[in-house]
Amino acid sequence: MDDYIKTYFQIGLSHKEILACLLEDGYILSLRHLRRHLRRLRLFRKKIYTDINILVEFLETQISTHGQLHGYRWMHLKCLQHGFVVTQNTVRELLRTLDPDGVTLRQRRRLRRRQYYNKGPNFLWHTDCYDKLKPFGICITGCIDGFSRYIIWLEVGPNTNDPSVIAYHFMQAVTTRSGCPQTLRADLGTENVIIERIQTNLKLDGPDALSHLPGFLYGTSHANQRIEAWWSTLRKHHSQFWMNVFHTLKDEGSFSGSLLDKSLIQFCFLDIIKEELDLVALEWNTHRITRSRNSIAPYGRPFMMYNRPQDFMSIDYLHPVSTEMRDLWLETIPKPRNTSDYDVYQLAAIIMEEEGWVKTNNVEAAIELYKNLRQKFFNVILV
């Protein structure tokens with residue numbers, strides 16, 4: 001039970017939310033009992049605060065990466081998930097001091113949007129591909145639950161035009177949950193033909209009171225609003241940083257858009273971006289969505305809305321899928337490739353071994369590695 005308490009505490013859940021999750025895991029505790037466990041495990045929110053110098057060092061590191069796009073609430077959650085004890089107000093004041101320009105840029109006026117209605121978790125999933133980094137060989141695909149805004153998957157690779165890539169990520173999500181949504185919504189595009197076939201087939205597997213609902217819906221991008229709206233969040237908190245990095249390489253003459261350059265970008269940066277996207281998804285799923293003027297939409301943490309729908313006057317609409325049916329589809333879908341050109345990938349690995357270079361998750365080091373590998377390839381070509 002201690003591991004569960006530590007995990008829920010570290011992702012930023014409140015005491016009430018931790019108790020609800022523990023109940024799902026089979027542990028019945030009172031609030032007073034939970035507080036005793038937290039004291040025993042030395043897990044605190046309002047005492048033994050982290051040294052301010054350590055926080056400054058952490059925030060400076062974050063500001064030097066895509067973290068420069070975060071507001072103080074998101075950054076506070078990130079601090080909690082890294083084990084720091086700090087108040088939201090302290091993070092806000094530190095960001096004002098360390099990144100005044102960023103604070104000014106993040107001040108935006110809110111827009112009034114049309115109302116969106118969804119019955120509950122797994123009633124409707126929205127999936128789409130994000131193409132802002134595609135000119136550089138980095139392709140992102142994602143899926144979000146319409147009710148809770150919980151990120152179902154957020155993956156990156158060299159290609160999202162291949163229908164089997166989207167199908168692979170969809171089946172991984174289905175396997176994890178032992179079920180599929182009542183309806184899956186996607187844009188019109190050839191990349192979605194396989195998931196349409198799979199979702200329609202899975203809905204036919206077993207009885208369901210909601211079997212009259214369409215298993216798959218095609219629509220325009222502006223109608224697929226949940227995932228389209230979330231892409232703006234991704235750009236604000238992550239992808240804009242990488243767009244700036246890659247455009248700088250282009251402006252310096254270090255990127256031409258060739259297959260070689262795209263393959264080297266994938267070799268040097270794909271693992272870093274994948275790790276960051278995993279963190280972005282975790283941070284989003286555990287952050288708190290505040291109440292808005294759209295009174296129809298629930299509010300709270302996506303993690304809680306998705307896993308505890310009863311607390312939000314809803315139920316889980318997951319359509320159960322048999323193991324046999326899941327395995328049947330999994331056998332037909334290959335695992336996505338991690339590069340556009342295996343020859344470039346293998347040669348880059350050989351050069352790194354000969355030169356004694358190593359990959360790191362440091363952005364500046366990855367940029368230097370990319371430039372060095374690119375020069376090595378050009379030297380080989382010219383010879």
# chains A, B, ... in the order shown; residues from 1 in each chain; ligands from 1
>>> residues_around(residues="Phe123 of chain A", least_positions_apart="3", cutoff="9 Å", atoms="only C-alpha atoms", output="PyMOL selection string")
chain A and resi 118-120+145-147+181-184+316-319
>>> residues_around(residues="Pro336 of chain A", least_positions_apart="6", cutoff="9 Å", atoms="only C-alpha atoms", output="ChimeraX atom specification")
/A:157-159,164-165,168
>>> closest_residue(among="A:Leu23, A:Met325, A:Ala281, A:Val85", to="Trp231 of chain A", atoms="only C-alpha atoms")
A:Ala281
>>> atom_distance(atom1="atom CA of Pro298 of chain A", atom2="atom CA of Trp74 of chain A")
19.4 Å
>>> atom_distance(atom1="atom CA of Phe216 of chain A", atom2="atom CA of Arg185 of chain A")
5.9 Å
>>> closest_residue(among="A:Val103, A:Ile227, A:Ile151, A:Asp261", to="Cys129 of chain A", atoms="only C-alpha atoms")
A:Ile227
>>> residues_around(residues="segment 284-292 of chain A", least_positions_apart="3", cutoff="8 Å", atoms="only C-alpha atoms", output="list in words")
Ile11, Gly12, Leu13, Trp74, Leu77, Arg149, Tyr150, Ile151, Val280, Ala281, Ser295, Pro298, Tyr299, Gly300, Arg301, Pro302, Phe303 and Met304 of chain A
>>> atom_distance(atom1="atom CA of Glu191 of chain A", atom2="atom CA of Asp131 of chain A")
13.1 Å
>>> closest_residue(among="A:Ser30, A:Thr176, A:Thr65, A:Thr360", to="Ile272 of chain A", atoms="only C-alpha atoms")
A:Thr360
>>> residues_around(residues="Gln266 of chain A", least_positions_apart="3", cutoff="9 Å", atoms="only C-alpha atoms", output="PDB file with all heavy atoms, in the first residue's frame")
ATOM      1  N   PHE A 136      10.322  18.319 -40.244  1.00  0.00           N
ATOM      2  CA  PHE A 136      11.651  17.969 -39.734  1.00  0.00           C
ATOM      3  C   PHE A 136      11.780  16.467 -39.465  1.00  0.00           C
ATOM      4  O   PHE A 136      12.774  16.021 -38.885  1.00  0.00           O
ATOM      5  CB  PHE A 136      11.950  18.754 -38.468  1.00  0.00           C
ATOM      6  CG  PHE A 136      11.825  20.244 -38.641  1.00  0.00           C
ATOM      7  CD1 PHE A 136      10.675  20.915 -38.259  1.00  0.00           C
ATOM      8  CD2 PHE A 136      12.852  20.967 -39.248  1.00  0.00           C
ATOM      9  CE1 PHE A 136      10.553  22.285 -38.444  1.00  0.00           C
ATOM     10  CE2 PHE A 136      12.735  22.342 -39.431  1.00  0.00           C
ATOM     11  CZ  PHE A 136      11.585  22.998 -39.032  1.00  0.00           C
ATOM     12  N   GLY A 137      10.759  15.691 -39.873  1.00  0.00           N
ATOM     13  CA  GLY A 137      10.823  14.246 -39.702  1.00  0.00           C
ATOM     14  C   GLY A 137      10.281  13.744 -38.383  1.00  0.00           C
ATOM     15  O   GLY A 137      10.430  12.565 -38.063  1.00  0.00           O
ATOM     16  N   ILE A 138       9.651  14.622 -37.606  1.00  0.00           N
ATOM     17  CA  ILE A 138       9.092  14.242 -36.306  1.00  0.00           C
ATOM     18  C   ILE A 138       7.572  14.279 -36.402  1.00  0.00           C
ATOM     19  O   ILE A 138       6.983  15.347 -36.601  1.00  0.00           O
ATOM     20  CB  ILE A 138       9.561  15.195 -35.186  1.00  0.00           C
ATOM     21  CG1 ILE A 138      11.087  15.231 -35.113  1.00  0.00           C
ATOM     22  CG2 ILE A 138       8.949  14.795 -33.859  1.00  0.00           C
ATOM     23  CD1 ILE A 138      11.730  13.923 -34.710  1.00  0.00           C
ATOM     24  N   GLY A 157       7.027   9.440 -33.759  1.00  0.00           N
ATOM     25  CA  GLY A 157       7.762   8.539 -34.634  1.00  0.00           C
ATOM     26  C   GLY A 157       8.105   9.232 -35.939  1.00  0.00           C
ATOM     27  O   GLY A 157       7.819  10.423 -36.123  1.00  0.00           O
ATOM     28  N   PRO A 158       8.706   8.504 -36.870  1.00  0.00           N
ATOM     29  CA  PRO A 158       9.093   9.111 -38.141  1.00  0.00           C
ATOM     30  C   PRO A 158       7.961   9.207 -39.157  1.00  0.00           C
ATOM     31  O   PRO A 158       8.104   9.872 -40.182  1.00  0.00           O
ATOM     32  CB  PRO A 158      10.185   8.159 -38.650  1.00  0.00           C
ATOM     33  CG  PRO A 158       9.814   6.833 -38.074  1.00  0.00           C
ATOM     34  CD  PRO A 158       9.210   7.119 -36.730  1.00  0.00           C
ATOM     35  N   ASP A 261      18.860  14.464 -43.635  1.00  0.00           N
ATOM     36  CA  ASP A 261      18.719  15.367 -42.487  1.00  0.00           C
ATOM     37  C   ASP A 261      17.574  14.935 -41.578  1.00  0.00           C
ATOM     38  O   ASP A 261      17.688  14.961 -40.345  1.00  0.00           O
ATOM     39  CB  ASP A 261      18.496  16.799 -42.964  1.00  0.00           C
ATOM     40  CG  ASP A 261      19.772  17.444 -43.473  1.00  0.00           C
ATOM     41  OD1 ASP A 261      20.837  16.814 -43.301  1.00  0.00           O
ATOM     42  OD2 ASP A 261      19.711  18.547 -44.034  1.00  0.00           O
ATOM     43  N   LYS A 262      16.447  14.539 -42.171  1.00  0.00           N
ATOM     44  CA  LYS A 262      15.308  14.087 -41.367  1.00  0.00           C
ATOM     45  C   LYS A 262      15.664  12.825 -40.579  1.00  0.00           C
ATOM     46  O   LYS A 262      15.293  12.686 -39.410  1.00  0.00           O
ATOM     47  CB  LYS A 262      14.098  13.821 -42.254  1.00  0.00           C
ATOM     48  CG  LYS A 262      13.460  15.073 -42.828  1.00  0.00           C
ATOM     49  CD  LYS A 262      12.240  14.728 -43.672  1.00  0.00           C
ATOM     50  CE  LYS A 262      11.592  15.983 -44.232  1.00  0.00           C
ATOM     51  NZ  LYS A 262      10.401  15.675 -45.071  1.00  0.00           N
ATOM     52  N   SER A 263      16.396  11.907 -41.219  1.00  0.00           N
ATOM     53  CA  SER A 263      16.780  10.672 -40.540  1.00  0.00           C
ATOM     54  C   SER A 263      17.731  10.955 -39.385  1.00  0.00           C
ATOM     55  O   SER A 263      17.643  10.321 -38.320  1.00  0.00           O
ATOM     56  CB  SER A 263      17.431   9.703 -41.540  1.00  0.00           C
ATOM     57  OG  SER A 263      16.528   9.349 -42.566  1.00  0.00           O
ATOM     58  N   PHE A 269      17.118  13.107 -31.906  1.00  0.00           N
ATOM     59  CA  PHE A 269      16.132  13.797 -31.068  1.00  0.00           C
ATOM     60  C   PHE A 269      14.885  12.982 -30.732  1.00  0.00           C
ATOM     61  O   PHE A 269      14.153  13.350 -29.807  1.00  0.00           O
ATOM     62  CB  PHE A 269      15.687  15.098 -31.750  1.00  0.00           C
ATOM     63  CG  PHE A 269      16.784  16.088 -31.952  1.00  0.00           C
ATOM     64  CD1 PHE A 269      17.400  16.231 -33.194  1.00  0.00           C
ATOM     65  CD2 PHE A 269      17.233  16.880 -30.906  1.00  0.00           C
ATOM     66  CE1 PHE A 269      18.415  17.141 -33.387  1.00  0.00           C
ATOM     67  CE2 PHE A 269      18.241  17.811 -31.088  1.00  0.00           C
ATOM     68  CZ  PHE A 269      18.844  17.941 -32.337  1.00  0.00           C
ATOM     69  N   LEU A 270      14.627  11.905 -31.450  1.00  0.00           N
ATOM     70  CA  LEU A 270      13.362  11.199 -31.268  1.00  0.00           C
ATOM     71  C   LEU A 270      13.191  10.662 -29.845  1.00  0.00           C
ATOM     72  O   LEU A 270      12.122  10.788 -29.247  1.00  0.00           O
ATOM     73  CB  LEU A 270      13.249  10.053 -32.281  1.00  0.00           C
ATOM     74  CG  LEU A 270      11.831   9.626 -32.668  1.00  0.00           C
ATOM     75  CD1 LEU A 270      11.054  10.793 -33.248  1.00  0.00           C
ATOM     76  CD2 LEU A 270      11.875   8.480 -33.667  1.00  0.00           C
ATOM     77  N   ASP A 271      14.248  10.075 -29.294  1.00  0.00           N
ATOM     78  CA  ASP A 271      14.157   9.520 -27.934  1.00  0.00           C
ATOM     79  C   ASP A 271      13.919  10.610 -26.900  1.00  0.00           C
ATOM     80  O   ASP A 271      13.168  10.420 -25.931  1.00  0.00           O
ATOM     81  CB  ASP A 271      15.433   8.745 -27.590  1.00  0.00           C
ATOM     82  CG  ASP A 271      15.574   7.465 -28.394  1.00  0.00           C
ATOM     83  OD1 ASP A 271      14.548   6.991 -28.919  1.00  0.00           O
ATOM     84  OD2 ASP A 271      16.701   6.939 -28.506  1.00  0.00           O
ATOM     85  N   ASN A 338      11.419   3.182 -35.974  1.00  0.00           N
ATOM     86  CA  ASN A 338      11.883   4.382 -35.263  1.00  0.00           C
ATOM     87  C   ASN A 338      12.769   5.269 -36.131  1.00  0.00           C
ATOM     88  O   ASN A 338      13.401   6.193 -35.639  1.00  0.00           O
ATOM     89  CB  ASN A 338      12.644   3.985 -34.001  1.00  0.00           C
ATOM     90  CG  ASN A 338      13.860   3.132 -34.305  1.00  0.00           C
ATOM     91  OD1 ASN A 338      14.089   2.740 -35.447  1.00  0.00           O
ATOM     92  ND2 ASN A 338      14.649   2.836 -33.285  1.00  0.00           N
ATOM     93  N   THR A 339      12.795   5.007 -37.435  1.00  0.00           N
ATOM     94  CA  THR A 339      13.581   5.827 -38.356  1.00  0.00           C
ATOM     95  C   THR A 339      13.019   5.716 -39.757  1.00  0.00           C
ATOM     96  O   THR A 339      12.392   4.712 -40.111  1.00  0.00           O
ATOM     97  CB  THR A 339      15.059   5.394 -38.354  1.00  0.00           C
ATOM     98  OG1 THR A 339      15.798   6.211 -39.276  1.00  0.00           O
ATOM     99  CG2 THR A 339      15.204   3.945 -38.753  1.00  0.00           C
ATOM    100  N   SER A 340      13.251   6.740 -40.557  1.00  0.00           N
ATOM    101  CA  SER A 340      12.804   6.707 -41.961  1.00  0.00           C
ATOM    102  C   SER A 340      13.766   5.923 -42.837  1.00  0.00           C
ATOM    103  O   SER A 340      13.389   5.448 -43.908  1.00  0.00           O
ATOM    104  CB  SER A 340      12.658   8.135 -42.502  1.00  0.00           C
ATOM    105  OG  SER A 340      11.670   8.843 -41.808  1.00  0.00           O
ATOM    106  N   TYR A 345      20.473   5.142 -40.027  1.00  0.00           N
ATOM    107  CA  TYR A 345      20.452   4.846 -38.589  1.00  0.00           C
ATOM    108  C   TYR A 345      21.641   3.964 -38.196  1.00  0.00           C
ATOM    109  O   TYR A 345      22.349   4.240 -37.216  1.00  0.00           O
ATOM    110  CB  TYR A 345      19.139   4.150 -38.239  1.00  0.00           C
ATOM    111  CG  TYR A 345      18.879   4.013 -36.757  1.00  0.00           C
ATOM    112  CD1 TYR A 345      18.142   4.968 -36.077  1.00  0.00           C
ATOM    113  CD2 TYR A 345      19.355   2.922 -36.035  1.00  0.00           C
ATOM    114  CE1 TYR A 345      17.886   4.860 -34.713  1.00  0.00           C
ATOM    115  CE2 TYR A 345      19.121   2.796 -34.682  1.00  0.00           C
ATOM    116  CZ  TYR A 345      18.381   3.767 -34.024  1.00  0.00           C
ATOM    117  OH  TYR A 345      18.147   3.647 -32.685  1.00  0.00           O
TER     118      TYR A 345
END
>>> closest_residue(among="A:Lys236, A:Lys359, A:His37, A:His126", to="Gly219 of chain A", atoms="only C-alpha atoms")
A:His126
>>> select_by_dssp(residues="segment 107-297 of chain A", states="strand (DSSP E)", output="MDAnalysis selection string")
chainID A and resid 124:130 139:145 151:157 179:180 183:187 216:219
>>> write_last_selection(atoms="C-alpha atoms", output="short mmCIF file (atom, residue, chain, number, x, y, z; two decimals), in the first residue's frame")
data_model
loop_
_atom_site.label_atom_id
_atom_site.label_comp_id
_atom_site.auth_asym_id
_atom_site.auth_seq_id
_atom_site.Cartn_x
_atom_site.Cartn_y
_atom_site.Cartn_z
CA LEU A 124 -15.99 8.92 -27.20
CA TRP A 125 -12.27 9.07 -28.00
CA HIS A 126 -10.81 11.69 -30.33
CA THR A 127 -7.67 10.85 -32.30
CA ASP A 128 -5.56 12.94 -34.66
CA CYS A 129 -2.02 13.56 -35.92
CA TYR A 130 0.05 16.65 -35.12
CA CYS A 139 5.48 13.01 -36.43
CA ILE A 140 3.19 12.97 -33.37
CA THR A 141 -0.09 11.13 -32.94
CA GLY A 142 -2.44 11.37 -29.99
CA CYS A 143 -5.81 10.37 -28.61
CA ILE A 144 -7.87 12.02 -25.88
CA ASP A 145 -10.97 10.95 -23.97
CA ILE A 151 -4.63 11.51 -22.76
CA ILE A 152 -5.10 7.93 -23.99
CA TRP A 153 -1.87 7.93 -25.99
CA LEU A 154 0.69 10.50 -27.11
CA GLU A 155 3.35 8.97 -29.34
CA VAL A 156 6.07 10.20 -31.67
CA GLY A 157 7.76 8.54 -34.63
CA GLY A 179 -11.71 -2.70 -23.99
CA CYS A 180 -12.40 0.00 -26.55
CA THR A 183 -17.14 5.54 -30.47
CA LEU A 184 -13.83 6.60 -31.97
CA ARG A 185 -13.68 9.89 -33.88
CA ALA A 186 -11.00 10.83 -36.41
CA ASP A 187 -10.36 13.11 -39.36
CA PHE A 216 -16.43 5.04 -35.74
CA LEU A 217 -17.06 8.59 -36.88
CA TYR A 218 -15.25 10.57 -39.57
CA GLY A 219 -15.38 14.34 -39.46
#
>>> residues_around(residues="segment 70-72 of chain A", least_positions_apart="6", cutoff="9 Å", atoms="only C-alpha atoms", output="tab-separated table (two decimals) with N, CA, C and O atoms, in the first residue's frame")
chain	number	residue	atom	x	y	z
A	63	ILE	N	13.40	26.11	-17.69
A	63	ILE	CA	13.23	27.27	-18.57
A	63	ILE	C	14.14	27.16	-19.79
A	63	ILE	O	13.84	27.71	-20.85
A	88	GLN	N	2.51	27.01	-4.54
A	88	GLN	CA	2.25	27.55	-5.87
A	88	GLN	C	2.70	29.00	-5.97
A	88	GLN	O	3.23	29.44	-7.01
A	89	ASN	N	2.51	29.74	-4.90
A	89	ASN	CA	2.89	31.16	-4.89
A	89	ASN	C	4.40	31.33	-5.03
A	89	ASN	O	4.88	32.25	-5.72
A	91	VAL	N	6.48	29.29	-6.59
A	91	VAL	CA	6.82	29.02	-7.99
A	91	VAL	C	6.48	30.22	-8.87
A	91	VAL	O	7.25	30.61	-9.75
A	92	ARG	N	5.33	30.82	-8.62
A	92	ARG	CA	4.91	31.99	-9.41
A	92	ARG	C	5.90	33.14	-9.27
A	92	ARG	O	6.31	33.76	-10.27
A	93	GLU	N	6.32	33.43	-8.03
A	93	GLU	CA	7.25	34.52	-7.81
A	93	GLU	C	8.63	34.23	-8.40
A	93	GLU	O	9.29	35.12	-8.96
A	95	LEU	N	9.24	32.34	-11.03
A	95	LEU	CA	9.13	32.46	-12.49
A	95	LEU	C	9.12	33.93	-12.90
A	95	LEU	O	9.68	34.28	-13.95
A	102	GLY	N	8.93	35.42	-20.39
A	102	GLY	CA	8.02	34.30	-20.59
A	102	GLY	C	6.69	34.52	-19.90
A	102	GLY	O	5.63	34.18	-20.45
A	103	VAL	N	6.71	35.11	-18.71
A	103	VAL	CA	5.47	35.40	-17.98
A	103	VAL	C	4.61	36.37	-18.79
A	103	VAL	O	3.40	36.20	-18.93
A	106	ARG	N	2.96	34.69	-21.81
A	106	ARG	CA	1.90	33.73	-21.51
A	106	ARG	C	0.58	34.38	-21.11
A	106	ARG	O	-0.43	33.69	-20.93
A	236	LYS	N	1.82	25.10	-26.83
A	236	LYS	CA	2.12	26.10	-25.81
A	236	LYS	C	3.12	25.58	-24.78
A	236	LYS	O	3.98	26.32	-24.31
A	237	HIS	N	3.01	24.29	-24.44
A	237	HIS	CA	3.82	23.73	-23.36
A	237	HIS	C	4.98	22.85	-23.83
A	237	HIS	O	5.76	22.40	-22.99
A	238	HIS	N	5.07	22.57	-25.13
A	238	HIS	CA	6.15	21.68	-25.55
A	238	HIS	C	6.66	21.93	-26.97
A	238	HIS	O	7.82	22.29	-27.18
>>> decode(residues="segment 248-277 of chain A", atoms="N, CA and C atoms", output="compact mmCIF listing (two decimals), in the first residue's frame")
# COMPACT_ATOMS: atom_id res chain seq x y z
N THR A 248 15.96 27.04 -36.09
CA THR A 248 17.29 27.63 -35.92
C THR A 248 18.33 26.83 -36.72
N LEU A 249 18.24 25.50 -36.65
CA LEU A 249 19.15 24.66 -37.45
C LEU A 249 18.97 24.95 -38.94
N LYS A 250 17.73 25.14 -39.36
CA LYS A 250 17.46 25.44 -40.77
C LYS A 250 18.04 26.79 -41.17
N ASP A 251 17.85 27.78 -40.30
CA ASP A 251 18.37 29.11 -40.60
C ASP A 251 19.90 29.13 -40.65
N GLU A 252 20.53 28.26 -39.86
CA GLU A 252 21.99 28.18 -39.83
C GLU A 252 22.55 27.39 -41.01
N GLY A 253 21.67 26.79 -41.82
CA GLY A 253 22.12 25.97 -42.94
C GLY A 253 22.45 24.54 -42.54
N SER A 254 22.01 24.13 -41.35
CA SER A 254 22.29 22.77 -40.87
C SER A 254 21.14 21.82 -41.11
N PHE A 255 20.11 22.27 -41.80
CA PHE A 255 18.98 21.40 -42.15
C PHE A 255 18.43 21.84 -43.49
N SER A 256 18.33 20.88 -44.41
CA SER A 256 17.87 21.20 -45.76
C SER A 256 16.52 20.57 -46.10
N GLY A 257 16.03 19.69 -45.22
CA GLY A 257 14.78 18.99 -45.51
C GLY A 257 14.97 17.70 -46.27
N SER A 258 16.22 17.30 -46.50
CA SER A 258 16.49 16.05 -47.21
C SER A 258 16.18 14.84 -46.33
N LEU A 259 16.08 13.66 -46.94
CA LEU A 259 15.84 12.44 -46.19
C LEU A 259 16.96 12.18 -45.21
N LEU A 260 18.20 12.51 -45.58
CA LEU A 260 19.34 12.33 -44.68
C LEU A 260 19.18 13.19 -43.43
N ASP A 261 18.86 14.46 -43.64
CA ASP A 261 18.72 15.37 -42.49
C ASP A 261 17.57 14.94 -41.58
N LYS A 262 16.45 14.54 -42.17
CA LYS A 262 15.31 14.09 -41.37
C LYS A 262 15.66 12.83 -40.58
N SER A 263 16.40 11.91 -41.22
CA SER A 263 16.78 10.67 -40.54
C SER A 263 17.73 10.96 -39.39
N LEU A 264 18.64 11.92 -39.57
CA LEU A 264 19.56 12.28 -38.48
C LEU A 264 18.83 13.01 -37.35
N ILE A 265 17.84 13.83 -37.70
CA ILE A 265 17.01 14.47 -36.68
C ILE A 265 16.33 13.40 -35.83
N GLN A 266 15.79 12.39 -36.51
CA GLN A 266 15.12 11.29 -35.79
C GLN A 266 16.11 10.53 -34.91
N PHE A 267 17.29 10.29 -35.43
CA PHE A 267 18.30 9.54 -34.69
C PHE A 267 18.71 10.28 -33.41
N CYS A 268 18.87 11.58 -33.52
CA CYS A 268 19.41 12.37 -32.40
C CYS A 268 18.34 12.86 -31.42
N PHE A 269 17.12 13.11 -31.91
CA PHE A 269 16.13 13.80 -31.07
C PHE A 269 14.89 12.98 -30.73
N LEU A 270 14.63 11.91 -31.45
CA LEU A 270 13.36 11.20 -31.27
C LEU A 270 13.19 10.66 -29.85
N ASP A 271 14.25 10.08 -29.29
CA ASP A 271 14.16 9.52 -27.93
C ASP A 271 13.92 10.61 -26.90
N ILE A 272 14.56 11.76 -27.09
CA ILE A 272 14.38 12.88 -26.15
C ILE A 272 12.93 13.36 -26.19
N ILE A 273 12.41 13.55 -27.40
CA ILE A 273 11.05 14.05 -27.55
C ILE A 273 10.03 13.04 -27.01
N LYS A 274 10.28 11.76 -27.24
CA LYS A 274 9.37 10.74 -26.72
C LYS A 274 9.32 10.78 -25.20
N GLU A 275 10.47 10.90 -24.56
CA GLU A 275 10.52 10.97 -23.10
C GLU A 275 9.79 12.22 -22.60
N GLU A 276 9.96 13.33 -23.30
CA GLU A 276 9.30 14.57 -22.90
C GLU A 276 7.79 14.46 -23.08
N LEU A 277 7.34 13.82 -24.17
CA LEU A 277 5.90 13.68 -24.39
C LEU A 277 5.25 12.81 -23.32
